[in-house]
>>> print(open('upload-v1.cif').read())   # mmCIF, C-alpha atoms
data_start
loop_
_atom_site.group_PDB
_atom_site.id
_atom_site.type_symbol
_atom_site.label_atom_id
_atom_site.label_comp_id
_atom_site.auth_asym_id
_atom_site.auth_seq_id
_atom_site.Cartn_x
_atom_site.Cartn_y
_atom_site.Cartn_z
ATOM 1 C CA MET A 1 -17.391 -11.900 -0.877
ATOM 2 C CA ARG A 2 -18.049 -8.195 -0.387
ATOM 3 C CA LEU A 3 -20.423 -6.687 -2.917
ATOM 4 C CA VAL A 4 -18.872 -4.217 -5.352
ATOM 5 C CA ASN A 5 -22.140 -2.533 -6.299
ATOM 6 C CA LEU A 6 -22.111 1.158 -5.383
ATOM 7 C CA ASN A 7 -25.642 0.876 -3.987
ATOM 8 C CA VAL A 8 -24.315 -0.923 -0.920
ATOM 9 C CA VAL A 9 -21.028 0.908 -0.498
ATOM 10 C CA PHE A 10 -22.323 3.424 2.043
ATOM 11 C CA VAL A 11 -23.876 0.736 4.237
ATOM 12 C CA SER A 12 -20.754 -1.427 3.923
ATOM 13 C CA LEU A 13 -18.607 1.540 4.942
ATOM 14 C CA LEU A 14 -20.546 2.121 8.137
ATOM 15 C CA VAL A 15 -20.484 -1.557 9.034
ATOM 16 C CA LEU A 16 -16.755 -1.832 8.372
ATOM 17 C CA ILE A 17 -15.967 1.108 10.663
ATOM 18 C CA GLU A 18 -17.645 -0.715 13.545
ATOM 19 C CA VAL A 19 -16.136 -4.108 12.698
ATOM 20 C CA VAL A 20 -12.610 -2.723 12.552
ATOM 21 C CA SER A 21 -13.026 -0.900 15.869
ATOM 22 C CA VAL A 22 -14.505 -3.898 17.680
ATOM 23 C CA CYS A 23 -11.978 -6.376 16.298
ATOM 24 C CA ASN A 24 -9.159 -4.267 17.652
ATOM 25 C CA GLY A 25 -10.594 -3.652 21.108
ATOM 26 C CA ARG A 26 -12.028 -0.359 19.888
ATOM 27 C CA VAL A 27 -8.549 1.155 19.747
ATOM 28 C CA LEU A 28 -9.020 2.497 16.219
ATOM 29 C CA SER A 29 -11.266 5.475 15.641
ATOM 30 C CA PRO A 30 -11.681 8.231 13.051
ATOM 31 C CA ALA A 31 -11.512 10.701 15.951
ATOM 32 C CA PHE A 32 -8.736 9.181 18.069
ATOM 33 C CA TYR A 33 -6.746 12.440 18.187
ATOM 34 C CA ARG A 34 -9.707 14.811 18.352
ATOM 35 C CA LYS A 35 -8.742 16.084 21.810
ATOM 36 C CA SER A 36 -5.065 15.152 22.101
ATOM 37 C CA CYS A 37 -3.876 16.463 18.717
ATOM 38 C CA PRO A 38 -6.716 18.037 16.697
ATOM 39 C CA GLN A 39 -4.289 19.538 14.163
ATOM 40 C CA ILE A 40 -2.949 16.159 13.017
ATOM 41 C CA GLY A 41 -5.063 16.028 9.849
ATOM 42 C CA ARG A 42 -4.043 19.522 8.741
ATOM 43 C CA ILE A 43 -0.349 18.912 9.411
ATOM 44 C CA VAL A 44 -0.131 15.544 7.646
ATOM 45 C CA ARG A 45 -2.155 16.766 4.678
ATOM 46 C CA SER A 46 -0.227 20.021 4.281
ATOM 47 C CA ILE A 47 3.204 18.408 4.277
ATOM 48 C CA THR A 48 2.174 15.420 2.166
ATOM 49 C CA TRP A 49 0.396 17.508 -0.458
ATOM 50 C CA SER A 50 3.311 19.928 -0.770
ATOM 51 C CA LYS A 51 5.729 17.027 -1.289
ATOM 52 C CA VAL A 52 3.531 15.254 -3.844
ATOM 53 C CA ALA A 53 2.941 18.528 -5.698
ATOM 54 C CA ALA A 54 6.706 18.901 -6.069
ATOM 55 C CA ASN A 55 7.270 15.205 -6.884
ATOM 56 C CA PRO A 56 4.200 13.262 -8.098
ATOM 57 C CA THR A 57 6.053 9.939 -7.896
ATOM 58 C CA LEU A 58 5.896 10.204 -4.092
ATOM 59 C CA ALA A 59 2.219 9.196 -4.124
ATOM 60 C CA ALA A 60 3.101 5.650 -5.186
ATOM 61 C CA LYS A 61 6.041 5.499 -2.790
ATOM 62 C CA LEU A 62 4.032 6.547 0.267
ATOM 63 C CA LEU A 63 1.205 4.186 -0.641
ATOM 64 C CA ARG A 64 3.646 1.302 -1.063
ATOM 65 C CA LEU A 65 5.310 2.206 2.240
ATOM 66 C CA HIS A 66 1.977 1.639 4.011
ATOM 67 C CA TYR A 67 1.399 -1.687 2.200
ATOM 68 C CA HIS A 68 4.830 -3.034 3.023
ATOM 69 C CA ASP A 69 4.510 -1.962 6.631
ATOM 70 C CA CYS A 70 1.144 -3.662 7.185
ATOM 71 C CA PHE A 71 2.061 -6.957 5.521
ATOM 72 C CA VAL A 72 4.944 -7.539 7.962
ATOM 73 C CA ARG A 73 4.067 -7.603 11.692
ATOM 74 C CA GLY A 74 0.963 -5.534 11.001
ATOM 75 C CA CYS A 75 0.615 -1.761 10.667
ATOM 76 C CA ASP A 76 3.168 -0.799 13.314
ATOM 77 C CA ALA A 77 5.710 1.351 11.417
ATOM 78 C CA SER A 78 8.341 -1.381 11.789
ATOM 79 C CA ILE A 79 9.401 -0.624 8.216
ATOM 80 C CA LEU A 80 10.659 2.790 9.353
ATOM 81 C CA ILE A 81 13.200 1.448 11.865
ATOM 82 C CA ASP A 82 16.823 1.763 10.769
ATOM 83 C CA SER A 83 19.179 -1.185 10.752
ATOM 84 C CA THR A 84 21.895 -1.387 13.407
ATOM 85 C CA SER A 85 25.192 -3.202 13.660
ATOM 86 C CA GLY A 86 23.354 -6.069 15.314
ATOM 87 C CA ASN A 87 20.181 -6.199 13.243
ATOM 88 C CA THR A 88 19.186 -5.830 9.592
ATOM 89 C CA ALA A 89 15.792 -4.136 9.634
ATOM 90 C CA GLU A 90 12.824 -4.495 7.264
ATOM 91 C CA LYS A 91 13.701 -1.456 5.169
ATOM 92 C CA ASP A 92 16.946 -3.145 4.084
ATOM 93 C CA ALA A 93 15.285 -6.372 2.942
ATOM 94 C CA ILE A 94 15.550 -6.877 -0.826
ATOM 95 C CA PRO A 95 11.802 -6.290 -1.483
ATOM 96 C CA ASN A 96 12.015 -2.958 0.374
ATOM 97 C CA ARG A 97 15.153 -1.489 -1.135
ATOM 98 C CA SER A 98 13.156 0.517 -3.670
ATOM 99 C CA ILE A 99 10.779 1.905 -1.046
ATOM 100 C CA GLY A 100 10.861 5.677 -0.564
ATOM 101 C CA GLY A 101 9.105 8.448 1.303
ATOM 102 C CA TYR A 102 10.905 8.016 4.611
ATOM 103 C CA ASP A 103 11.976 11.666 4.642
ATOM 104 C CA VAL A 104 8.344 12.773 4.300
ATOM 105 C CA ILE A 105 7.356 10.717 7.331
ATOM 106 C CA ASP A 106 10.308 12.185 9.255
ATOM 107 C CA GLU A 107 9.232 15.740 8.447
ATOM 108 C CA ILE A 108 5.651 15.080 9.499
ATOM 109 C CA LYS A 109 6.778 13.424 12.725
ATOM 110 C CA THR A 110 9.093 16.342 13.580
ATOM 111 C CA LYS A 111 6.248 18.828 13.136
ATOM 112 C CA LEU A 112 3.799 16.721 15.150
ATOM 113 C CA GLU A 113 6.312 16.325 17.982
ATOM 114 C CA GLU A 114 6.522 20.124 18.122
ATOM 115 C CA GLU A 115 2.750 20.476 18.241
ATOM 116 C CA CYS A 116 1.725 17.308 20.132
ATOM 117 C CA PRO A 117 4.757 15.697 21.786
ATOM 118 C CA ASP A 118 4.559 11.966 22.521
ATOM 119 C CA ILE A 119 1.010 11.693 21.160
ATOM 120 C CA VAL A 120 0.948 10.596 17.495
ATOM 121 C CA SER A 121 2.344 7.231 16.420
ATOM 122 C CA CYS A 122 4.526 6.777 13.376
ATOM 123 C CA ALA A 123 2.178 3.985 12.261
ATOM 124 C CA ASP A 124 -0.733 6.437 12.092
ATOM 125 C CA ILE A 125 1.403 8.940 10.190
ATOM 126 C CA VAL A 126 2.207 6.281 7.568
ATOM 127 C CA ALA A 127 -1.499 5.430 7.144
ATOM 128 C CA LEU A 128 -2.568 9.074 6.886
ATOM 129 C CA ALA A 129 0.262 10.046 4.539
ATOM 130 C CA ALA A 130 -0.587 7.163 2.181
ATOM 131 C CA ARG A 131 -4.214 8.340 1.992
ATOM 132 C CA ASP A 132 -3.262 11.985 1.561
ATOM 133 C CA ALA A 133 -0.632 11.225 -1.081
ATOM 134 C CA VAL A 134 -3.241 9.528 -3.273
ATOM 135 C CA SER A 135 -5.868 12.140 -2.424
ATOM 136 C CA TYR A 136 -3.783 15.125 -3.545
ATOM 137 C CA GLN A 137 -4.815 14.467 -7.141
ATOM 138 C CA PHE A 138 -8.485 14.823 -6.175
ATOM 139 C CA GLY A 139 -8.196 17.699 -3.706
ATOM 140 C CA ARG A 140 -10.093 15.832 -0.982
ATOM 141 C CA PRO A 141 -9.678 12.739 1.233
ATOM 142 C CA MET A 142 -10.571 9.656 -0.804
ATOM 143 C CA TRP A 143 -11.151 7.323 2.164
ATOM 144 C CA GLN A 144 -11.404 7.565 5.920
ATOM 145 C CA VAL A 145 -8.368 6.551 7.965
ATOM 146 C CA LEU A 146 -8.959 5.129 11.422
ATOM 147 C CA THR A 147 -6.239 6.016 13.930
ATOM 148 C CA GLY A 148 -4.986 4.822 17.303
ATOM 149 C CA ARG A 149 -2.156 2.486 16.294
ATOM 150 C CA LYS A 150 0.965 2.050 18.376
ATOM 151 C CA ASP A 151 4.483 1.612 16.994
ATOM 152 C CA GLY A 152 6.269 -1.725 17.096
ATOM 153 C CA ARG A 153 9.716 -2.313 18.571
ATOM 154 C CA VAL A 154 10.878 -5.153 16.303
ATOM 155 C CA SER A 155 11.963 -4.950 12.652
ATOM 156 C CA LEU A 156 13.584 -7.893 10.853
ATOM 157 C CA ALA A 157 14.612 -8.046 7.210
ATOM 158 C CA THR A 158 14.096 -11.811 7.228
ATOM 159 C CA GLU A 159 10.396 -11.345 8.023
ATOM 160 C CA ALA A 160 9.946 -8.829 5.213
ATOM 161 C CA SER A 161 11.531 -11.211 2.718
ATOM 162 C CA ARG A 162 9.266 -14.001 3.968
ATOM 163 C CA ASP A 163 5.946 -12.170 4.287
ATOM 164 C CA LEU A 164 5.727 -9.645 1.445
ATOM 165 C CA PRO A 165 3.852 -10.892 -1.639
ATOM 166 C CA SER A 166 6.109 -11.554 -4.602
ATOM 167 C CA GLY A 167 5.620 -9.828 -7.940
ATOM 168 C CA ASN A 168 5.828 -13.301 -9.488
ATOM 169 C CA ALA A 169 3.302 -14.990 -7.190
ATOM 170 C CA ASN A 170 0.463 -17.057 -8.659
ATOM 171 C CA PHE A 171 -3.169 -16.618 -7.648
ATOM 172 C CA THR A 172 -3.222 -19.435 -5.089
ATOM 173 C CA THR A 173 -0.219 -18.026 -3.261
ATOM 174 C CA LEU A 174 -1.627 -14.510 -3.307
ATOM 175 C CA GLN A 175 -5.022 -15.619 -2.045
ATOM 176 C CA GLN A 176 -3.448 -17.579 0.796
ATOM 177 C CA GLN A 177 -1.214 -14.682 1.821
ATOM 178 C CA PHE A 178 -4.079 -12.215 1.825
ATOM 179 C CA ALA A 179 -6.463 -14.611 3.578
ATOM 180 C CA GLY A 180 -3.879 -15.094 6.305
ATOM 181 C CA LEU A 181 -4.201 -11.388 7.029
ATOM 182 C CA GLY A 182 -7.994 -11.354 6.976
ATOM 183 C CA LEU A 183 -8.261 -10.026 3.429
ATOM 184 C CA ASN A 184 -10.524 -11.585 0.797
ATOM 185 C CA ILE A 185 -10.434 -11.798 -3.005
ATOM 186 C CA ILE A 186 -12.057 -8.397 -3.468
ATOM 187 C CA ASP A 187 -9.404 -6.901 -1.197
ATOM 188 C CA LEU A 188 -6.697 -8.679 -3.199
ATOM 189 C CA VAL A 189 -7.939 -7.197 -6.470
ATOM 190 C CA ALA A 190 -8.677 -3.762 -5.019
ATOM 191 C CA LEU A 191 -5.295 -3.427 -3.335
ATOM 192 C CA SER A 192 -3.560 -4.657 -6.495
ATOM 193 C CA GLY A 193 -5.182 -1.644 -8.124
ATOM 194 C CA ALA A 194 -2.567 0.491 -6.384
ATOM 195 C CA HIS A 195 -0.410 -0.536 -9.340
ATOM 196 C CA THR A 196 -2.213 2.144 -11.302
ATOM 197 C CA ILE A 197 0.609 4.392 -10.045
ATOM 198 C CA GLY A 198 4.315 3.757 -9.617
ATOM 199 C CA VAL A 199 7.017 1.747 -11.333
ATOM 200 C CA ALA A 200 8.748 -1.637 -11.147
ATOM 201 C CA HIS A 201 12.351 -2.399 -12.020
ATOM 202 C CA CYS A 202 13.112 -4.748 -14.878
ATOM 203 C CA ALA A 203 14.681 -7.247 -12.503
ATOM 204 C CA VAL A 204 11.258 -7.786 -10.891
ATOM 205 C CA PHE A 205 9.502 -8.926 -14.082
ATOM 206 C CA GLN A 206 12.434 -10.002 -16.274
ATOM 207 C CA ARG A 207 11.445 -13.679 -16.179
ATOM 208 C CA ARG A 208 8.172 -12.834 -17.938
ATOM 209 C CA LEU A 209 10.226 -11.815 -20.971
ATOM 210 C CA ASN A 210 12.110 -15.122 -21.004
ATOM 211 C CA ALA A 211 9.529 -17.587 -19.764
ATOM 212 C CA THR A 212 11.297 -20.839 -20.737
ATOM 213 C CA GLY A 213 14.864 -19.610 -21.038
ATOM 214 C CA LYS A 214 14.649 -19.476 -24.823
ATOM 215 C CA GLY A 215 13.747 -15.793 -25.150
ATOM 216 C CA ASP A 216 10.006 -16.387 -25.410
ATOM 217 C CA ALA A 217 7.661 -14.133 -23.464
ATOM 218 C CA ASP A 218 5.071 -15.260 -20.949
ATOM 219 C CA PRO A 219 2.061 -16.196 -23.117
ATOM 220 C CA SER A 220 -0.209 -14.223 -20.794
ATOM 221 C CA LEU A 221 1.519 -11.000 -21.935
ATOM 222 C CA ASP A 222 0.228 -9.067 -24.912
ATOM 223 C CA PRO A 223 2.926 -9.618 -27.617
ATOM 224 C CA GLU A 224 3.281 -5.939 -28.479
ATOM 225 C CA TYR A 225 3.507 -5.029 -24.815
ATOM 226 C CA ALA A 226 6.128 -7.729 -24.284
ATOM 227 C CA GLN A 227 8.179 -6.284 -27.134
ATOM 228 C CA PHE A 228 7.878 -2.811 -25.625
ATOM 229 C CA LEU A 229 9.155 -4.156 -22.299
ATOM 230 C CA ARG A 230 12.105 -5.791 -24.037
ATOM 231 C CA THR A 231 13.099 -2.473 -25.572
ATOM 232 C CA GLN A 232 12.977 -0.887 -22.135
ATOM 233 C CA CYS A 233 14.880 -3.600 -20.293
ATOM 234 C CA THR A 234 17.315 -5.158 -22.762
ATOM 235 C CA THR A 235 18.598 -2.344 -25.004
ATOM 236 C CA PRO A 236 21.082 -2.235 -23.380
ATOM 237 C CA PRO A 237 20.345 -4.849 -20.664
ATOM 238 C CA ASN A 238 19.758 -3.090 -17.374
ATOM 239 C CA PRO A 239 17.747 -4.725 -14.563
ATOM 240 C CA ALA A 240 17.720 -1.414 -12.678
ATOM 241 C CA VAL A 241 15.615 0.366 -15.306
ATOM 242 C CA ALA A 242 12.159 1.257 -14.023
ATOM 243 C CA VAL A 243 8.974 0.763 -16.072
ATOM 244 C CA ALA A 244 5.531 2.147 -15.275
ATOM 245 C CA LEU A 245 3.218 -0.406 -13.647
ATOM 246 C CA ASP A 246 0.333 1.172 -15.579
ATOM 247 C CA ALA A 247 1.674 2.083 -18.994
ATOM 248 C CA ASN A 248 -0.604 5.032 -19.664
ATOM 249 C CA SER A 249 -1.133 6.610 -16.245
ATOM 250 C CA SER A 250 1.771 5.943 -13.886
ATOM 251 C CA VAL A 251 1.196 9.106 -11.829
ATOM 252 C CA SER A 252 -2.597 9.252 -12.133
ATOM 253 C CA PHE A 253 -4.653 7.241 -9.668
ATOM 254 C CA ASP A 254 -7.437 5.807 -11.824
ATOM 255 C CA SER A 255 -8.890 2.494 -12.952
ATOM 256 C CA HIS A 256 -6.816 2.197 -16.123
ATOM 257 C CA TYR A 257 -4.753 -0.538 -14.479
ATOM 258 C CA PHE A 258 -7.760 -2.865 -14.745
ATOM 259 C CA VAL A 259 -8.425 -1.897 -18.363
ATOM 260 C CA GLY A 260 -4.840 -2.691 -19.261
ATOM 261 C CA LEU A 261 -4.917 -5.898 -17.237
ATOM 262 C CA ARG A 262 -7.893 -7.204 -19.222
ATOM 263 C CA HIS A 263 -5.851 -6.531 -22.378
ATOM 264 C CA ASN A 264 -3.026 -8.686 -20.997
ATOM 265 C CA LYS A 265 -0.884 -5.670 -20.150
ATOM 266 C CA GLY A 266 -0.369 -6.363 -16.465
ATOM 267 C CA LEU A 267 3.324 -5.784 -15.834
ATOM 268 C CA LEU A 268 3.913 -8.248 -13.001
ATOM 269 C CA GLY A 269 3.146 -11.926 -12.868
ATOM 270 C CA SER A 270 1.046 -11.236 -9.785
ATOM 271 C CA ASP A 271 -1.026 -8.792 -11.850
ATOM 272 C CA ALA A 272 -1.672 -11.344 -14.584
ATOM 273 C CA ALA A 273 -2.518 -13.921 -11.909
ATOM 274 C CA LEU A 274 -5.714 -12.022 -11.103
ATOM 275 C CA LEU A 275 -7.143 -13.165 -14.440
ATOM 276 C CA THR A 276 -6.461 -16.844 -13.783
ATOM 277 C CA ASP A 277 -9.270 -17.271 -11.246
ATOM 278 C CA PRO A 278 -12.856 -16.653 -12.397
ATOM 279 C CA ARG A 279 -13.797 -14.901 -9.144
ATOM 280 C CA SER A 280 -10.984 -12.390 -9.230
ATOM 281 C CA ALA A 281 -11.362 -11.970 -13.005
ATOM 282 C CA ARG A 282 -14.978 -10.855 -12.466
ATOM 283 C CA VAL A 283 -13.840 -8.305 -9.909
ATOM 284 C CA VAL A 284 -11.173 -7.027 -12.307
ATOM 285 C CA LYS A 285 -13.877 -6.509 -14.910
ATOM 286 C CA SER A 286 -16.118 -4.574 -12.511
ATOM 287 C CA PHE A 287 -13.230 -2.394 -11.324
ATOM 288 C CA GLN A 288 -12.752 -0.934 -14.804
ATOM 289 C CA GLY A 289 -15.319 1.600 -13.598
ATOM 290 C CA PHE A 290 -13.400 4.102 -11.477
ATOM 291 C CA HIS A 291 -16.123 4.859 -8.936
ATOM 292 C CA VAL A 292 -16.696 1.173 -8.196
ATOM 293 C CA PHE A 293 -12.952 0.596 -7.869
ATOM 294 C CA MET A 294 -12.366 3.640 -5.686
ATOM 295 C CA ALA A 295 -15.199 2.838 -3.288
ATOM 296 C CA ASN A 296 -13.868 -0.688 -2.794
ATOM 297 C CA PHE A 297 -10.254 0.447 -2.647
ATOM 298 C CA GLY A 298 -11.094 2.693 0.295
ATOM 299 C CA LEU A 299 -12.803 -0.174 2.114
ATOM 300 C CA SER A 300 -9.867 -2.498 1.491
ATOM 301 C CA MET A 301 -7.354 0.114 2.631
ATOM 302 C CA LYS A 302 -9.239 0.398 5.930
ATOM 303 C CA LYS A 303 -9.188 -3.360 6.369
ATOM 304 C CA MET A 304 -5.499 -3.518 5.571
ATOM 305 C CA GLY A 305 -4.832 -0.627 7.927
ATOM 306 C CA ALA A 306 -6.252 -2.659 10.824
ATOM 307 C CA ILE A 307 -3.900 -5.634 10.386
ATOM 308 C CA GLY A 308 -1.966 -6.518 13.514
ATOM 309 C CA VAL A 309 -2.651 -3.242 15.292
ATOM 310 C CA LYS A 310 -0.699 -2.880 18.521
ATOM 311 C CA LYS A 311 -2.554 -1.453 21.498
ATOM 312 C CA GLY A 312 0.222 -0.620 23.942
ATOM 313 C CA ALA A 313 3.002 -1.928 26.148
ATOM 314 C CA ARG A 314 1.380 -5.336 26.621
ATOM 315 C CA ASP A 315 1.889 -6.181 22.963
ATOM 316 C CA ASP A 316 5.168 -4.262 22.672
ATOM 317 C CA GLY A 317 3.608 -1.091 21.315
ATOM 318 C CA GLU A 318 4.806 2.463 21.936
ATOM 319 C CA ILE A 319 4.763 6.000 20.535
ATOM 320 C CA ARG A 320 8.215 6.501 19.051
ATOM 321 C CA LYS A 321 9.882 9.887 19.454
ATOM 322 C CA ASN A 322 11.903 9.235 16.310
ATOM 323 C CA CYS A 323 10.283 7.010 13.711
ATOM 324 C CA ARG A 324 13.650 5.490 12.769
ATOM 325 C CA VAL A 325 14.603 4.357 16.281
ATOM 326 C CA VAL A 326 12.730 2.497 19.019
ATOM 327 C CA ASN A 327 12.460 4.354 22.304
ATOM 328 C CA ALA A 328 15.094 3.651 24.913
ATOM 329 C CA ALA A 329 14.010 1.196 27.585
ATOM 330 C CA ASN A 330 12.973 2.828 30.855
#
>>> encode(input="upload-v1.cif", output="structure tokens")
Amino acid sequence: MRLVNLNVVFVSLLVLIEVVSVCNGRVLSPAFYRKSCPQIGRIVRSITWSKVAANPTLAAKLLRLHYHDCFVRGCDASILIDSTSGNTAEKDAIPNRSIGGYDVIDEIKTKLEEECPDIVSCADIVALAARDAVSYQFGRPMWQVLTGRKDGRVSLATEASRDLPSGNANFTTLQQQFAGLGLNIIDLVALSGAHTIGVAHCAVFQRRLNATGKGDADPSLDPEYAQFLRTQCTTPPNPAVAVALDANSSVSFDSHYFVGLRHNKGLLGSDAALLTDPRSARVVKSFQGFHVFMANFGLSMKKMGAIGVKKGARDDGEIRKNCRVVNAAN
């Protein structure tokens, strides 16, 4: 397991940059667009920060957009493709129906096509916008994003429903899903920490409030917190009501999620599952310190951002002109 001690974070960061580049045929680089589109960082940051300033909830949406893209077919912007009469795309799968931020990606892509036509992939825009959305709060980039991804040409709702982790998953299922993507237990806990911002609808966690069908709450939930959730979701009953994933800081990216989790106030079953394994529980405890969490979160985001990277035409990769539509065949 990767060490979480801050004393080794800098060394780990340098090593990870090389590992990610080598594992992907050296297609990913922090300077991929240095010559072809040097203004990419300024453009993505400017648009993303202006949108998050106007609507702070966009930070969670753009971060989740990146997660849900990478967990299905890798980080190839397949989640951005619109459905057609002959195909239901990822974005219309049930787990993705609450995803947002597509209009922000569209605006960034339009500007980049004006400045650097046919150069910047939608997949890289998604990765950069997720980082910049979280970073707005701090006024500086909180982790380095490697670029050089290509966009995929396939998007299937059935794959999203199959591959995205469930909010009710137990630890064994979560560990297996993450391991299948090259992510370890520290990555699982760190990436779960994204739940420090954003909301979940009552329908996602309703079963935790009626664990056996007799109105009794999941015993792993703090009783007072369970009662609070009932008031939010059942008076009157409305599965569409949204509740903050982190009760006290839903628009602030911090480590409070882990503090609440250790007090049995994890909203989702998959949150509570992190306490059921002694290894992940130890990581949860260490991540109560923000600087330790943030250093590891950045490392895990870089690992996640390298999942299934497409390199070009040989693996069906391209640079889309419009992020919502695959390019026409030549």
>>> residues_around(input="upload-v1.cif", residues="segment 110-122 of chain A", least_positions_apart="6", cutoff="7 Å", atoms="only C-alpha atoms", output="count of residues only")
9
>>> closest_residue(input="upload-v1.cif", among="A:Ser85, A:Met304, A:Met142, A:Arg153", to="Ala329 of chain A", atoms="all atoms listed in the file")
A:Arg153
>>> residues_around(input="upload-v1.cif", residues="Ala157 of chain A", least_positions_apart="2", cutoff="7 Å", atoms="only C-alpha atoms", output="PyMOL selection string")
chain A and resi 88-93+155+159-161
>>> atom_distance(input="upload-v1.cif", atom1="atom CA of Leu80 of chain A", atom2="atom CA of Val27 of chain A")
21.9 Å
>>> residues_near_point(input="upload-v1.cif", point="(-9.3, 0.7, 0.2)", cutoff="10 Å", atoms="only C-alpha atoms", output="PyMOL selection string")
chain A and resi 131+142-145+187+190-191+193-194+293-305
>>> write_last_selection(input="upload-v1.cif", atoms="C-alpha atoms", output="PDB file, keeping the file's coordinate frame")
ATOM      1  CA  ARG A 131      -4.214   8.340   1.992  1.00  0.00           C
ATOM      2  CA  MET A 142     -10.571   9.656  -0.804  1.00  0.00           C
ATOM      3  CA  TRP A 143     -11.151   7.323   2.164  1.00  0.00           C
ATOM      4  CA  GLN A 144     -11.404   7.565   5.920  1.00  0.00           C
ATOM      5  CA  VAL A 145      -8.368   6.551   7.965  1.00  0.00           C
ATOM      6  CA  ASP A 187      -9.404  -6.901  -1.197  1.00  0.00           C
ATOM      7  CA  ALA A 190      -8.677  -3.762  -5.019  1.00  0.00           C
ATOM      8  CA  LEU A 191      -5.295  -3.427  -3.335  1.00  0.00           C
ATOM      9  CA  GLY A 193      -5.182  -1.644  -8.124  1.00  0.00           C
ATOM     10  CA  ALA A 194      -2.567   0.491  -6.384  1.00  0.00           C
ATOM     11  CA  PHE A 293     -12.952   0.596  -7.869  1.00  0.00           C
ATOM     12  CA  MET A 294     -12.366   3.640  -5.686  1.00  0.00           C
ATOM     13  CA  ALA A 295     -15.199   2.838  -3.288  1.00  0.00           C
ATOM     14  CA  ASN A 296     -13.868  -0.688  -2.794  1.00  0.00           C
ATOM     15  CA  PHE A 297     -10.254   0.447  -2.647  1.00  0.00           C
ATOM     16  CA  GLY A 298     -11.094   2.693   0.295  1.00  0.00           C
ATOM     17  CA  LEU A 299     -12.803  -0.174   2.114  1.00  0.00           C
ATOM     18  CA  SER A 300      -9.867  -2.498   1.491  1.00  0.00           C
ATOM     19  CA  MET A 301      -7.354   0.114   2.631  1.00  0.00           C
ATOM     20  CA  LYS A 302      -9.239   0.398   5.930  1.00  0.00           C
ATOM     21  CA  LYS A 303      -9.188  -3.360   6.369  1.00  0.00           C
ATOM     22  CA  MET A 304      -5.499  -3.518   5.571  1.00  0.00           C
ATOM     23  CA  GLY A 305      -4.832  -0.627   7.927  1.00  0.00           C
TER      24      GLY A 305
END
>>> closest_residue(input="upload-v1.cif", among="A:Leu58, A:Val72, A:Leu146, A:Ala247", to="Pro30 of chain A", atoms="all atoms listed in the file")
A:Leu146
>>> resolve_selection(input="upload-v1.cif", expression="the PyMOL selection byres ((chain A and resi 210) around 12)", output="VMD selection string")
chain A and resid 203 205 to 209 211 to 219 221 226 to 227 229 to 230 233 to 234
>>> atom_distance(input="upload-v1.cif", atom1="atom CA of Ser270 of chain A", atom2="atom CA of Gln177 of chain A")
12.3 Å
>>> resolve_selection(input="upload-v1.cif", expression="the PyMOL selection byres ((chain A and resi 289) around 10)", output="mmCIF file with C-alpha atoms, in the frame of the given file")
data_model
loop_
_atom_site.group_PDB
_atom_site.id
_atom_site.type_symbol
_atom_site.label_atom_id
_atom_site.label_comp_id
_atom_site.auth_asym_id
_atom_site.auth_seq_id
_atom_site.Cartn_x
_atom_site.Cartn_y
_atom_site.Cartn_z
ATOM 1 C CA ASP A 254 -7.437 5.807 -11.824
ATOM 2 C CA SER A 255 -8.890 2.494 -12.952
ATOM 3 C CA HIS A 256 -6.816 2.197 -16.123
ATOM 4 C CA PHE A 258 -7.760 -2.865 -14.745
ATOM 5 C CA VAL A 259 -8.425 -1.897 -18.363
ATOM 6 C CA VAL A 284 -11.173 -7.027 -12.307
ATOM 7 C CA LYS A 285 -13.877 -6.509 -14.910
ATOM 8 C CA SER A 286 -16.118 -4.574 -12.511
ATOM 9 C CA PHE A 287 -13.230 -2.394 -11.324
ATOM 10 C CA GLN A 288 -12.752 -0.934 -14.804
ATOM 11 C CA PHE A 290 -13.400 4.102 -11.477
ATOM 12 C CA HIS A 291 -16.123 4.859 -8.936
ATOM 13 C CA VAL A 292 -16.696 1.173 -8.196
ATOM 14 C CA PHE A 293 -12.952 0.596 -7.869
ATOM 15 C CA MET A 294 -12.366 3.640 -5.686
#
>>> resolve_selection(input="upload-v1.cif", expression="the PyMOL selection byres ((chain A and resi 265) around 10)", output="list in words")
Ser220, Leu221, Asp222, Pro223, Glu224, Tyr225, Ala226, Leu245, Asp246, Ala247, Tyr257, Phe258, Val259, Gly260, Leu261, Arg262, His263, Asn264, Gly266, Leu267, Leu268, Asp271 and Ala272 of chain A
>>> atom_distance(input="upload-v1.cif", atom1="atom CA of Ala123 of chain A", atom2="atom CA of Ser78 of chain A")
8.2 Å
>>> closest_residue(input="upload-v1.cif", among="A:Val126, A:Pro95, A:Phe138, A:Phe178", to="His201 of chain A", atoms="only C-alpha atoms")
A:Pro95
>>> closest_residue(input="upload-v1.cif", among="A:Val199, A:Ile79, A:Ala179, A:Ala281", to="Ala242 of chain A", atoms="all atoms listed in the file")
A:Val199
